[in-house]
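J.: What follows is the file work_14.cif, containing mmCIF, C-alpha atoms:
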data_work
#
loop_
_atom_site.group_PDB
_atom_site.id
_atom_site.type_symbol
_atom_site.label_atom_id
_atom_site.label_comp_id
_atom_site.auth_asym_id
_atom_site.auth_seq_id
_atom_site.Cartn_x
_atom_site.Cartn_y
_atom_site.Cartn_z
ATOM 1 C CA MET A 1 -6.668 12.745 59.547
ATOM 2 C CA LYS A 2 -9.401 14.120 57.312
ATOM 3 C CA LYS A 3 -6.804 14.695 54.633
ATOM 4 C CA PRO A 4 -6.020 18.097 53.143
ATOM 5 C CA LEU A 5 -7.164 18.094 49.528
ATOM 6 C CA VAL A 6 -5.603 18.711 46.087
ATOM 7 C CA GLY A 7 -6.789 18.951 42.534
ATOM 8 C CA ALA A 8 -7.452 22.018 40.449
ATOM 9 C CA LEU A 9 -10.944 20.855 39.599
ATOM 10 C CA PHE A 10 -12.044 21.635 43.172
ATOM 11 C CA ALA A 11 -10.742 25.218 43.138
ATOM 12 C CA VAL A 12 -14.190 26.446 42.126
ATOM 13 C CA LEU A 13 -15.423 25.470 45.594
ATOM 14 C CA LEU A 14 -13.250 28.131 47.196
ATOM 15 C CA LEU A 15 -14.918 31.415 46.304
ATOM 16 C CA GLY A 16 -12.416 34.179 46.694
ATOM 17 C CA ALA A 17 -9.499 31.818 47.345
ATOM 18 C CA GLY A 18 -6.430 32.378 45.233
ATOM 19 C CA THR A 19 -5.196 28.801 44.977
ATOM 20 C CA ALA A 20 -6.529 25.367 44.202
ATOM 21 C CA PRO A 21 -6.781 22.785 46.966
ATOM 22 C CA ALA A 22 -3.577 20.988 47.727
ATOM 23 C CA VAL A 23 -4.673 17.272 47.863
ATOM 24 C CA ALA A 24 -7.239 15.447 45.708
ATOM 25 C CA ALA A 25 -10.520 14.293 47.166
ATOM 26 C CA THR A 26 -11.397 10.700 46.473
ATOM 27 C CA GLY A 27 -13.969 10.001 43.792
ATOM 28 C CA GLN A 28 -16.526 9.122 46.432
ATOM 29 C CA GLU A 29 -15.902 12.377 48.302
ATOM 30 C CA ALA A 30 -16.311 14.416 45.141
ATOM 31 C CA ALA A 31 -19.474 12.558 44.204
ATOM 32 C CA THR A 32 -21.093 13.088 47.582
ATOM 33 C CA ALA A 33 -19.944 16.664 48.208
ATOM 34 C CA GLY A 34 -22.894 18.202 46.422
ATOM 35 C CA LYS A 35 -25.581 16.133 48.133
ATOM 36 C CA ALA A 36 -27.869 17.365 50.884
ATOM 37 C CA ALA A 37 -25.804 18.813 53.672
ATOM 38 C CA VAL A 38 -27.611 18.032 56.878
ATOM 39 C CA GLY A 39 -27.365 14.585 58.461
ATOM 40 C CA THR A 40 -29.822 13.117 60.913
ATOM 41 C CA ALA A 41 -29.299 11.644 64.349
ATOM 42 C CA ALA A 42 -32.551 9.683 64.227
ATOM 43 C CA ALA A 43 -30.779 6.327 64.237
ATOM 44 C CA ASP A 44 -28.236 7.302 66.866
ATOM 45 C CA THR A 45 -28.524 5.785 70.288
ATOM 46 C CA VAL A 46 -27.472 8.860 72.285
ATOM 47 C CA LYS A 47 -29.930 11.751 72.132
ATOM 48 C CA VAL A 48 -30.645 14.905 74.074
ATOM 49 C CA LYS A 49 -33.560 17.281 73.805
ATOM 50 C CA VAL A 50 -32.421 20.765 72.804
ATOM 51 C CA THR A 51 -33.882 23.929 71.362
ATOM 52 C CA PRO A 52 -31.750 24.094 68.212
ATOM 53 C CA ARG A 53 -30.385 27.348 66.883
ATOM 54 C CA ALA A 54 -29.981 28.031 63.204
ATOM 55 C CA VAL A 55 -26.414 26.924 62.492
ATOM 56 C CA ASN A 56 -25.048 28.453 59.301
ATOM 57 C CA PHE A 57 -21.723 29.260 57.608
ATOM 58 C CA ALA A 58 -21.244 32.798 58.939
ATOM 59 C CA GLY A 59 -17.776 33.107 60.448
ATOM 60 C CA THR A 60 -16.414 29.941 58.883
ATOM 61 C CA VAL A 61 -13.537 30.046 56.419
ATOM 62 C CA ALA A 62 -12.183 27.988 53.559
ATOM 63 C CA LEU A 63 -8.441 27.306 53.504
ATOM 64 C CA SER A 64 -6.610 26.110 50.392
ATOM 65 C CA ASN A 65 -6.877 22.541 51.671
ATOM 66 C CA CYS A 66 -9.069 22.497 54.806
ATOM 67 C CA SER A 67 -11.839 24.231 56.728
ATOM 68 C CA GLY A 68 -11.704 26.647 59.654
ATOM 69 C CA SER A 69 -13.477 29.432 61.508
ATOM 70 C CA VAL A 70 -12.930 32.915 62.904
ATOM 71 C CA VAL A 71 -13.105 32.472 66.684
ATOM 72 C CA ARG A 72 -12.948 34.528 69.847
ATOM 73 C CA THR A 73 -12.773 33.867 73.568
ATOM 74 C CA PRO A 74 -15.360 35.384 75.934
ATOM 75 C CA ASP A 75 -12.750 38.024 76.845
ATOM 76 C CA SER A 76 -11.630 38.924 73.313
ATOM 77 C CA GLN A 77 -12.126 42.613 72.492
ATOM 78 C CA PRO A 78 -13.369 44.158 69.215
ATOM 79 C CA SER A 79 -9.970 45.820 68.764
ATOM 80 C CA ASP A 80 -8.054 42.530 69.124
ATOM 81 C CA PRO A 81 -6.545 40.875 66.046
ATOM 82 C CA ALA A 82 -8.953 38.125 65.025
ATOM 83 C CA LEU A 83 -8.056 34.441 65.284
ATOM 84 C CA VAL A 84 -8.734 31.573 62.865
ATOM 85 C CA LEU A 85 -9.039 28.030 64.222
ATOM 86 C CA SER A 86 -8.209 24.931 62.154
ATOM 87 C CA ASN A 87 -6.199 21.695 62.551
ATOM 88 C CA GLY A 88 -2.494 21.289 63.178
ATOM 89 C CA HIS A 89 -2.323 18.983 60.175
ATOM 90 C CA CYS A 90 -3.748 21.764 57.978
ATOM 91 C CA MET A 91 -0.806 24.136 58.509
ATOM 92 C CA GLU A 92 1.161 25.167 55.421
ATOM 93 C CA THR A 93 4.326 24.164 57.301
ATOM 94 C CA GLY A 94 3.338 20.487 57.052
ATOM 95 C CA PHE A 95 2.364 17.959 59.709
ATOM 96 C CA PRO A 96 4.198 18.741 62.965
ATOM 97 C CA GLY A 97 5.876 15.666 64.423
ATOM 98 C CA PRO A 98 5.070 14.215 67.837
ATOM 99 C CA GLY A 99 6.148 16.679 70.502
ATOM 100 C CA GLN A 100 6.517 19.548 68.014
ATOM 101 C CA VAL A 101 4.783 22.866 68.663
ATOM 102 C CA VAL A 102 4.644 25.774 66.201
ATOM 103 C CA PHE A 103 4.513 29.030 68.160
ATOM 104 C CA ASN A 104 4.345 32.624 66.894
ATOM 105 C CA ARG A 105 5.671 31.730 63.433
ATOM 106 C CA SER A 106 5.220 34.316 60.694
ATOM 107 C CA SER A 107 2.572 33.437 58.104
ATOM 108 C CA SER A 108 0.787 35.249 55.277
ATOM 109 C CA ARG A 109 -1.768 32.529 54.630
ATOM 110 C CA SER A 110 -5.125 33.597 53.192
ATOM 111 C CA PHE A 111 -8.624 32.474 54.170
ATOM 112 C CA THR A 112 -11.925 32.882 52.357
ATOM 113 C CA LEU A 113 -14.498 34.281 54.790
ATOM 114 C CA LEU A 114 -18.024 32.922 54.298
ATOM 115 C CA ASN A 115 -21.374 34.514 55.048
ATOM 116 C CA ALA A 116 -24.436 32.716 56.403
ATOM 117 C CA SER A 117 -25.341 31.173 53.047
ATOM 118 C CA GLY A 118 -21.797 29.949 52.378
ATOM 119 C CA SER A 119 -20.785 32.599 49.845
ATOM 120 C CA GLY A 120 -17.243 33.930 49.980
ATOM 121 C CA VAL A 121 -17.344 37.614 50.948
ATOM 122 C CA ALA A 122 -13.704 38.442 51.684
ATOM 123 C CA THR A 123 -10.148 37.203 51.752
ATOM 124 C CA LEU A 124 -8.603 37.447 55.214
ATOM 125 C CA ARG A 125 -4.860 37.190 55.748
ATOM 126 C CA ALA A 126 -2.768 35.837 58.585
ATOM 127 C CA SER A 127 0.136 37.613 60.215
ATOM 128 C CA LYS A 128 1.343 34.503 62.026
ATOM 129 C CA ILE A 129 0.606 31.004 63.235
ATOM 130 C CA ALA A 130 -0.008 31.859 66.880
ATOM 131 C CA TYR A 131 -0.098 28.188 67.914
ATOM 132 C CA GLY A 132 -0.125 24.815 66.213
ATOM 133 C CA THR A 133 0.483 21.201 67.204
ATOM 134 C CA MET A 134 -0.564 17.597 66.668
ATOM 135 C CA THR A 135 0.539 16.521 70.136
ATOM 136 C CA ASP A 136 -2.287 15.776 72.630
ATOM 137 C CA THR A 137 -4.626 17.608 70.250
ATOM 138 C CA ASP A 138 -4.747 18.596 66.570
ATOM 139 C CA ILE A 139 -5.124 22.365 66.333
ATOM 140 C CA SER A 140 -3.771 25.459 64.643
ATOM 141 C CA VAL A 141 -4.667 29.034 65.512
ATOM 142 C CA TYR A 142 -3.733 31.836 63.128
ATOM 143 C CA GLN A 143 -3.633 35.504 64.073
ATOM 144 C CA LEU A 144 -5.049 37.744 61.352
ATOM 145 C CA THR A 145 -4.079 41.203 60.138
ATOM 146 C CA SER A 146 -7.723 42.264 60.683
ATOM 147 C CA THR A 147 -9.473 42.927 63.984
ATOM 148 C CA TYR A 148 -12.896 41.573 64.932
ATOM 149 C CA ALA A 149 -14.297 45.105 64.655
ATOM 150 C CA GLN A 150 -12.953 45.507 61.119
ATOM 151 C CA ILE A 151 -14.383 42.172 59.993
ATOM 152 C CA GLU A 152 -17.794 42.928 61.473
ATOM 153 C CA SER A 153 -17.861 46.495 60.141
ATOM 154 C CA ASN A 154 -16.743 45.564 56.630
ATOM 155 C CA TYR A 155 -18.607 42.284 56.152
ATOM 156 C CA GLY A 156 -21.261 42.114 58.892
ATOM 157 C CA ILE A 157 -19.873 38.852 60.249
ATOM 158 C CA LYS A 158 -19.158 38.093 63.885
ATOM 159 C CA ALA A 159 -16.630 35.586 65.161
ATOM 160 C CA LEU A 160 -17.777 32.291 66.667
ATOM 161 C CA GLU A 161 -17.234 32.068 70.421
ATOM 162 C CA LEU A 162 -15.195 29.276 71.989
ATOM 163 C CA ASN A 163 -17.071 27.461 74.742
ATOM 164 C CA THR A 164 -15.227 27.428 78.067
ATOM 165 C CA ALA A 165 -16.512 24.088 79.378
ATOM 166 C CA HIS A 166 -15.975 20.427 78.526
ATOM 167 C CA PRO A 167 -18.623 19.157 76.067
ATOM 168 C CA VAL A 168 -21.345 16.828 77.332
ATOM 169 C CA GLN A 169 -22.204 13.385 75.980
ATOM 170 C CA GLY A 170 -25.393 13.443 73.929
ATOM 171 C CA THR A 171 -25.081 17.095 72.931
ATOM 172 C CA ALA A 172 -26.558 17.870 69.511
ATOM 173 C CA ILE A 173 -23.799 19.288 67.325
ATOM 174 C CA THR A 174 -23.160 20.505 63.790
ATOM 175 C CA VAL A 175 -19.837 20.235 61.949
ATOM 176 C CA VAL A 176 -19.617 23.190 59.539
ATOM 177 C CA SER A 177 -17.181 22.811 56.637
ATOM 178 C CA GLY A 178 -16.167 26.055 54.960
ATOM 179 C CA TYR A 179 -14.180 24.106 52.354
ATOM 180 C CA TRP A 180 -17.131 22.063 51.073
ATOM 181 C CA LYS A 181 -19.823 24.557 52.191
ATOM 182 C CA ARG A 182 -21.554 21.636 53.808
ATOM 183 C CA THR A 183 -22.810 20.791 57.299
ATOM 184 C CA TYR A 184 -23.046 17.508 59.201
ATOM 185 C CA SER A 185 -25.461 17.094 62.116
ATOM 186 C CA CYS A 186 -25.221 14.424 64.818
ATOM 187 C CA ASN A 187 -24.538 14.077 68.556
ATOM 188 C CA VAL A 188 -21.545 13.710 70.834
ATOM 189 C CA ASP A 189 -21.407 9.941 71.251
ATOM 190 C CA GLY A 190 -18.686 10.001 73.910
ATOM 191 C CA PHE A 191 -15.063 10.771 74.669
ATOM 192 C CA VAL A 192 -11.902 8.806 73.913
ATOM 193 C CA TYR A 193 -9.183 8.545 76.568
ATOM 194 C CA ARG A 194 -6.489 8.285 73.890
ATOM 195 C CA LEU A 195 -7.008 8.402 70.131
ATOM 196 C CA LYS A 196 -4.003 7.043 68.224
ATOM 197 C CA GLU A 197 -3.362 7.585 64.528
ATOM 198 C CA GLY A 198 -0.013 6.671 63.045
ATOM 199 C CA GLN A 199 2.651 8.448 65.086
ATOM 200 C CA TRP A 200 0.238 10.857 66.799
ATOM 201 C CA THR A 201 -1.784 10.510 70.015
ATOM 202 C CA TRP A 202 -4.655 12.802 71.044
ATOM 203 C CA LYS A 203 -6.248 13.078 74.474
ATOM 204 C CA ASP A 204 -9.935 13.160 75.428
ATOM 205 C CA SER A 205 -11.148 13.295 71.834
ATOM 206 C CA VAL A 206 -14.797 13.758 70.885
ATOM 207 C CA ARG A 207 -16.419 10.794 69.132
ATOM 208 C CA TYR A 208 -19.422 11.541 66.924
ATOM 209 C CA THR A 209 -22.491 9.401 66.475
ATOM 210 C CA SER A 210 -22.580 7.766 63.058
ATOM 211 C CA ALA A 211 -24.617 10.475 61.304
ATOM 212 C CA CYS A 212 -21.574 12.768 60.975
ATOM 213 C CA GLN A 213 -19.900 11.179 57.954
ATOM 214 C CA THR A 214 -17.254 13.843 57.445
ATOM 215 C CA ILE A 215 -14.874 13.603 54.477
ATOM 216 C CA GLY A 216 -11.493 14.924 53.369
ATOM 217 C CA GLY A 217 -11.455 18.733 53.361
ATOM 218 C CA THR A 218 -13.656 18.955 56.464
ATOM 219 C CA SER A 219 -10.499 19.013 58.594
ATOM 220 C CA GLY A 220 -10.496 22.086 60.811
ATOM 221 C CA SER A 221 -14.274 22.574 60.691
ATOM 222 C CA PRO A 222 -15.760 24.048 63.864
ATOM 223 C CA VAL A 223 -17.992 21.695 65.835
ATOM 224 C CA ILE A 224 -20.876 23.811 67.082
ATOM 225 C CA ASP A 225 -23.197 23.107 70.008
ATOM 226 C CA ASN A 226 -26.644 23.549 68.468
ATOM 227 C CA ALA A 227 -28.141 24.857 71.713
ATOM 228 C CA THR A 228 -25.587 27.612 72.377
ATOM 229 C CA GLY A 229 -24.057 28.308 68.970
ATOM 230 C CA LYS A 230 -20.590 28.055 70.528
ATOM 231 C CA VAL A 231 -17.587 26.092 69.270
ATOM 232 C CA VAL A 232 -16.910 23.009 71.407
ATOM 233 C CA ALA A 233 -14.413 21.166 69.194
ATOM 234 C CA VAL A 234 -12.571 21.118 65.885
ATOM 235 C CA ASN A 235 -13.167 18.257 63.430
ATOM 236 C CA ASN A 236 -10.013 16.289 62.594
ATOM 237 C CA THR A 237 -10.187 12.605 61.685
ATOM 238 C CA GLY A 238 -12.077 9.357 61.168
ATOM 239 C CA ASN A 239 -11.482 5.655 60.665
ATOM 240 C CA GLU A 240 -11.817 5.150 56.925
ATOM 241 C CA ASN A 241 -11.386 1.421 56.325
ATOM 242 C CA GLY A 242 -11.208 -0.416 59.626
ATOM 243 C CA GLN A 243 -7.462 -0.592 60.106
ATOM 244 C CA SER A 244 -6.072 -0.146 63.605
ATOM 245 C CA CYS A 245 -4.048 2.902 64.650
ATOM 246 C CA THR A 246 -2.728 3.648 61.139
ATOM 247 C CA ASP A 247 -2.847 6.901 59.169
ATOM 248 C CA ASN A 248 -6.502 7.761 58.436
ATOM 249 C CA ASN A 249 -7.574 4.870 60.677
ATOM 250 C CA PRO A 250 -7.397 6.065 64.277
ATOM 251 C CA CYS A 251 -8.002 3.609 67.091
ATOM 252 C CA GLU A 252 -9.379 4.213 70.569
ATOM 253 C CA VAL A 253 -7.238 3.246 73.570
ATOM 254 C CA ASP A 254 -8.777 3.166 77.047
ATOM 255 C CA GLU A 255 -7.047 3.694 80.379
ATOM 256 C CA SER A 256 -6.254 -0.027 80.605
ATOM 257 C CA GLY A 257 -4.646 -0.083 77.157
ATOM 258 C CA ASN A 258 -7.527 -1.872 75.428
ATOM 259 C CA VAL A 259 -7.839 -0.946 71.743
ATOM 260 C CA THR A 260 -11.152 -0.423 69.925
ATOM 261 C CA VAL A 261 -11.534 0.193 66.197
ATOM 262 C CA ARG A 262 -14.721 1.815 64.889
ATOM 263 C CA LYS A 263 -14.781 1.782 61.103
ATOM 264 C CA GLY A 264 -16.637 4.753 59.634
ATOM 265 C CA ILE A 265 -16.720 6.725 62.884
ATOM 266 C CA ASN A 266 -15.321 10.245 63.000
ATOM 267 C CA TYR A 267 -13.734 12.403 65.682
ATOM 268 C CA ALA A 268 -12.897 15.918 66.829
ATOM 269 C CA GLN A 269 -10.601 17.613 69.325
ATOM 270 C CA GLN A 270 -12.062 19.659 72.145
ATOM 271 C CA THR A 271 -11.347 23.393 72.175
ATOM 272 C CA TYR A 272 -12.294 24.610 75.669
ATOM 273 C CA GLY A 273 -8.650 24.100 76.694
ATOM 274 C CA LEU A 274 -7.596 26.886 74.316
ATOM 275 C CA VAL A 275 -9.375 29.579 76.281
ATOM 276 C CA PRO A 276 -7.095 29.707 79.368
ATOM 277 C CA CYS A 277 -4.063 29.997 77.071
ATOM 278 C CA ILE A 278 -5.240 33.168 75.308
ATOM 279 C CA GLY A 279 -4.605 36.363 77.240
ATOM 280 C CA PRO A 280 -5.238 40.079 76.707
ATOM 281 C CA GLY A 281 -4.881 41.185 73.118
ATOM 282 C CA ASN A 282 -5.597 37.607 71.982
ATOM 283 C CA LYS A 283 -1.973 36.700 72.691
ATOM 284 C CA PHE A 284 -1.097 33.105 73.473
ATOM 285 C CA ASP A 285 0.564 32.719 76.872
ATOM 286 C CA LEU A 286 1.292 29.077 77.596
ATOM 287 C CA ASN A 287 2.221 29.919 81.184
ATOM 288 C CA ARG A 288 -1.201 31.318 82.099
ATOM 289 C CA ALA A 289 -3.112 29.620 84.900
ATOM 290 C CA GLY A 290 -5.134 26.689 83.582
ATOM 291 C CA CYS A 291 -3.289 26.444 80.261
ATOM 292 C CA ALA A 292 -2.341 22.825 79.608
ATOM 293 C CA LEU A 293 -1.394 22.996 75.916
ATOM 294 C CA PRO A 294 1.948 21.424 74.984
ATOM 295 C CA LYS A 295 4.808 23.924 74.998
ATOM 296 C CA PRO A 296 7.552 24.325 72.368
#
Can you give me the file's structure in the form of structure tokens?
T.:
Amino acid sequence: MKKPLVGALFAVLLLGAGTAPAVAATGQEAATAGKAAVGTAAADTVKVKVTPRAVNFAGTVALSNCSGSVVRTPDSQPSDPALVLSNGHCMETGFPGPGQVVFNRSSSRSFTLLNASGSGVATLRASKIAYGTMTDTDISVYQLTSTYAQIESNYGIKALELNTAHPVQGTAITVVSGYWKRTYSCNVDGFVYRLKEGQWTWKDSVRYTSACQTIGGTSGSPVIDNATGKVVAVNNTGNENGQSCTDNNPCEVDESGNVTVRKGINYAQQTYGLVPCIGPGNKFDLNRAGCALPKP
């Protein structure tokens, strides 16, 4: 996983956040965090021609140890309680074990809401973890005490919309980290049948082209389709030093069981599968038609 971070010296990066990060960034991560934010896909082998939109930080959030974003489905209403998307391994309850699902668990976690330039403009608060797991995928969704209408009225910021379709290979994307206030631009290189890391296995993961060199603290960042501005995935891990299937060194497993290790390559979990599971009032209903998320 793109590890949650600790170390009081990084607290300054979280404008408006009340606590320091929870796990220390490596020296290399700290040294590179302030460099230019946008990567290039010029050397990548998979390219598509798109009319890029201006991708910025509006609607993203900084957690105490990770990144995230305020998201909505196409059917979410202004009066609905807003949702924040991040990783399952970013939950304050700790890493859920294989097969474990956190569902409708009370939470008062806070999030620093960012504007387009990456400045913290508000502290949002959760009422519960609506859903969280590291089985098949690596996601957490928090329900907030604020509605979309309240957030937009008070701070002028709209939620990011979840795309309803499977991403496409070659799509130009941007990973937007609210924690580091940094973006990474590349393309969808392909999809992984099974991505294994330690005791966890994820299905149909997104593999980035090499330009997206995400680091610790980028966990939970929304992956945005540059052409539509919609969220297609959530950033979660990368192979750091070439080991096979170990913590922080995920391996790819194909349908025949063949294992491939790609040192320095990073990954995300698709999010279109969330949409069928979210019903009226932004309530999770794991029995809705088309919902395939693991159940508690």
J.: Between A:Pro167, A:Leu162, A:Gly59, A:Asn87, which has the minimum distance to Ala122 (chain A) (counting only C-alpha atoms)?
T.: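 Distance minimum relative to Ala122 (chain A) lands on A:Gly59.
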J.: Compute the distance from (-13.0, 33.4, 65.8) to each atom, counting all atoms listed in the file, keep the residues with any atom at most 9 Å away, and return them as a list in words; use the coordinates of the file.
T.: Gly59, Thr60, Ser69, Val70, Val71, Arg72, Thr73, Ala82, Leu83, Val84, Leu85, Tyr148, Lys158, Ala159, Leu160, Glu161 and Leu162 of chain A
J.: Evaluate the PyMOL selection byres ((chain A and resi 263) around 9) on the structure here and hand back the selected residues as a PyMOL selection string.
T.: chain A and resi 238-243+249+261-262+264-266
J.: What is the distance between CA of Cys291 (chain A) and CA of Pro78 (chain A), in Å to one decimal?
T.: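 Rounded to one decimal, the two atoms are 23.2 Å apart.
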J.: Would you mind listing what lies within 8 Å of Val192 (chain A) as a list in words, with all atoms listed in the file counted and same-chain residues fewer than 5 positions away left out?
T.: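 Answer for this query is Lys203, Asp204, Ser205, Val206, Arg207, Glu252, Val253 and Asp254 of chain A.
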J.: Report as a PyMOL selection string the residues that result from applying the PyMOL selection byres ((chain A and resi 121) around 9) to the structure here.
T.: chain A and resi 15-16+112-115+118-120+122-123+155
J.: Report as a list in words the full result of the PyMOL selection byres ((chain A and resi 80) around 9) when it is applied to this structure.
T.: Ser76, Gln77, Pro78, Ser79, Pro81, Ala82, Leu83, Ser146, Thr147, Tyr148, Ala149, Pro280, Gly281 and Asn282 of chain A
J.: Between A:Thr260, A:Gln143, A:Thr137, A:Ser210, which one has atoms that come closest to Lys283 (chain A), using all atoms listed in the file?
T.: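 With all atoms listed in the file as the atom set, the closest residue is A:Gln143.
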J.: Could you jot down the CA of Pro296 (chain A) to CA of Gln269 (chain A) separation for me, Å, one decimal place?
T.: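 Between these atoms lies a distance of 19.6 Å.
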J.: Taking into account all atoms listed in the file, which residue in the set A:Asn258, A:Asn65, A:Ser177, A:Thr135 is nearest to Arg109 (chain A)?
T.: A:Asn65
J.: Find the residue from A:Glu92, A:Gly97, A:Phe191, A:Ala116 that sits nearest to Tyr142 (chain A); use only C-alpha atoms when measuring.
T.: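 Smallest separation from Tyr142 (chain A) among the options: A:Glu92.
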J.: Please indicate the distance in Å from CA of Val61 (chain A) to CA of Tyr267 (chain A), rounded to one decimal place.
T.: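 According to the coordinates, CA of Val61 (chain A) and CA of Tyr267 (chain A) are separated by 19.9 Å.
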J.: Is there a way to get, as a PyMOL selection string, all residues within 6 Å of the point (-23.5, 8.3, 74.0) in file coordinates, counting all atoms listed in the file?
T.: chain A and resi 46+169-170+189-190
J.: Counting all atoms listed in the file, which of A:Thr133, A:Asn287, A:Thr201, A:Asn248 gets nearest to Gly88 (chain A)?
T.: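 That would be A:Thr133, the residue with the smallest distance to Gly88 (chain A).
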J.: Give the answer as one residue: which of A:Asp247, A:Glu255, A:Asp138, A:Asp225 has the shortest atom-to-atom distance to Val101 (chain A), using all atoms listed in the file?
T.: A:Asp138
J.: Would you mind listing what lies within 6 Å of region 229-235 of chain A as a CSV table (one decimal) with C-alpha atoms, in the frame of the given file, with only C-alpha atoms counted and same-chain residues fewer than 6 positions away left out?
T.:
chain,number,residue,atom,x,y,z
A,161,GLU,CA,-17.2,32.1,70.4
A,162,LEU,CA,-15.2,29.3,72.0
A,163,ASN,CA,-17.1,27.5,74.7
A,219,SER,CA,-10.5,19.0,58.6
A,220,GLY,CA,-10.5,22.1,60.8
A,221,SER,CA,-14.3,22.6,60.7
A,222,PRO,CA,-15.8,24.0,63.9
A,223,VAL,CA,-18.0,21.7,65.8
A,268,ALA,CA,-12.9,15.9,66.8
A,269,GLN,CA,-10.6,17.6,69.3
A,270,GLN,CA,-12.1,19.7,72.1
A,271,THR,CA,-11.3,23.4,72.2
J.: Could you please fill out region 83-101 of chain A with N, CA and C atoms and send it back as a short mmCIF file (atom, residue, chain, number, x, y, z; two decimals), keeping the file's coordinate frame?
T.:
data_model
loop_
_atom_site.label_atom_id
_atom_site.label_comp_id
_atom_site.auth_asym_id
_atom_site.auth_seq_id
_atom_site.Cartn_x
_atom_site.Cartn_y
_atom_site.Cartn_z
N LEU A 83 -8.71 35.75 65.33
CA LEU A 83 -8.06 34.44 65.28
C LEU A 83 -8.84 33.49 64.38
N VAL A 84 -8.12 32.63 63.66
CA VAL A 84 -8.73 31.57 62.86
C VAL A 84 -8.30 30.23 63.42
N LEU A 85 -9.27 29.37 63.69
CA LEU A 85 -9.04 28.03 64.22
C LEU A 85 -9.13 26.99 63.11
N SER A 86 -8.17 26.07 63.07
CA SER A 86 -8.21 24.93 62.15
C SER A 86 -7.44 23.78 62.81
N ASN A 87 -6.97 22.83 62.03
CA ASN A 87 -6.20 21.70 62.55
C ASN A 87 -4.70 21.93 62.43
N GLY A 88 -3.94 21.27 63.30
CA GLY A 88 -2.49 21.29 63.18
C GLY A 88 -2.04 20.67 61.87
N HIS A 89 -2.75 19.65 61.41
CA HIS A 89 -2.32 18.98 60.18
C HIS A 89 -2.73 19.76 58.93
N CYS A 90 -3.40 20.91 59.11
CA CYS A 90 -3.75 21.76 57.98
C CYS A 90 -2.75 22.90 57.76
N MET A 91 -1.76 23.03 58.64
CA MET A 91 -0.81 24.14 58.51
C MET A 91 0.02 24.01 57.24
N GLU A 92 0.35 25.16 56.64
CA GLU A 92 1.16 25.17 55.42
C GLU A 92 2.59 24.71 55.68
N THR A 93 2.98 24.63 56.94
CA THR A 93 4.33 24.16 57.30
C THR A 93 4.44 22.64 57.29
N GLY A 94 3.33 21.94 57.05
CA GLY A 94 3.34 20.49 57.05
C GLY A 94 2.94 19.93 58.41
N PHE A 95 2.77 18.60 58.46
CA PHE A 95 2.36 17.96 59.71
C PHE A 95 3.47 18.11 60.76
N PRO A 96 3.19 18.72 61.90
CA PRO A 96 4.20 18.74 62.96
C PRO A 96 4.38 17.34 63.55
N GLY A 97 5.61 16.98 63.86
CA GLY A 97 5.88 15.67 64.42
C GLY A 97 5.44 15.58 65.87
N PRO A 98 5.42 14.38 66.43
CA PRO A 98 5.07 14.22 67.84
C PRO A 98 5.98 15.07 68.72
N GLY A 99 5.39 15.82 69.61
CA GLY A 99 6.15 16.68 70.50
C GLY A 99 6.47 18.04 69.93
N GLN A 100 6.18 18.27 68.64
CA GLN A 100 6.52 19.55 68.01
C GLN A 100 5.38 20.55 68.18
N VAL A 101 5.74 21.77 68.53
CA VAL A 101 4.78 22.87 68.66
C VAL A 101 5.26 24.04 67.81
#
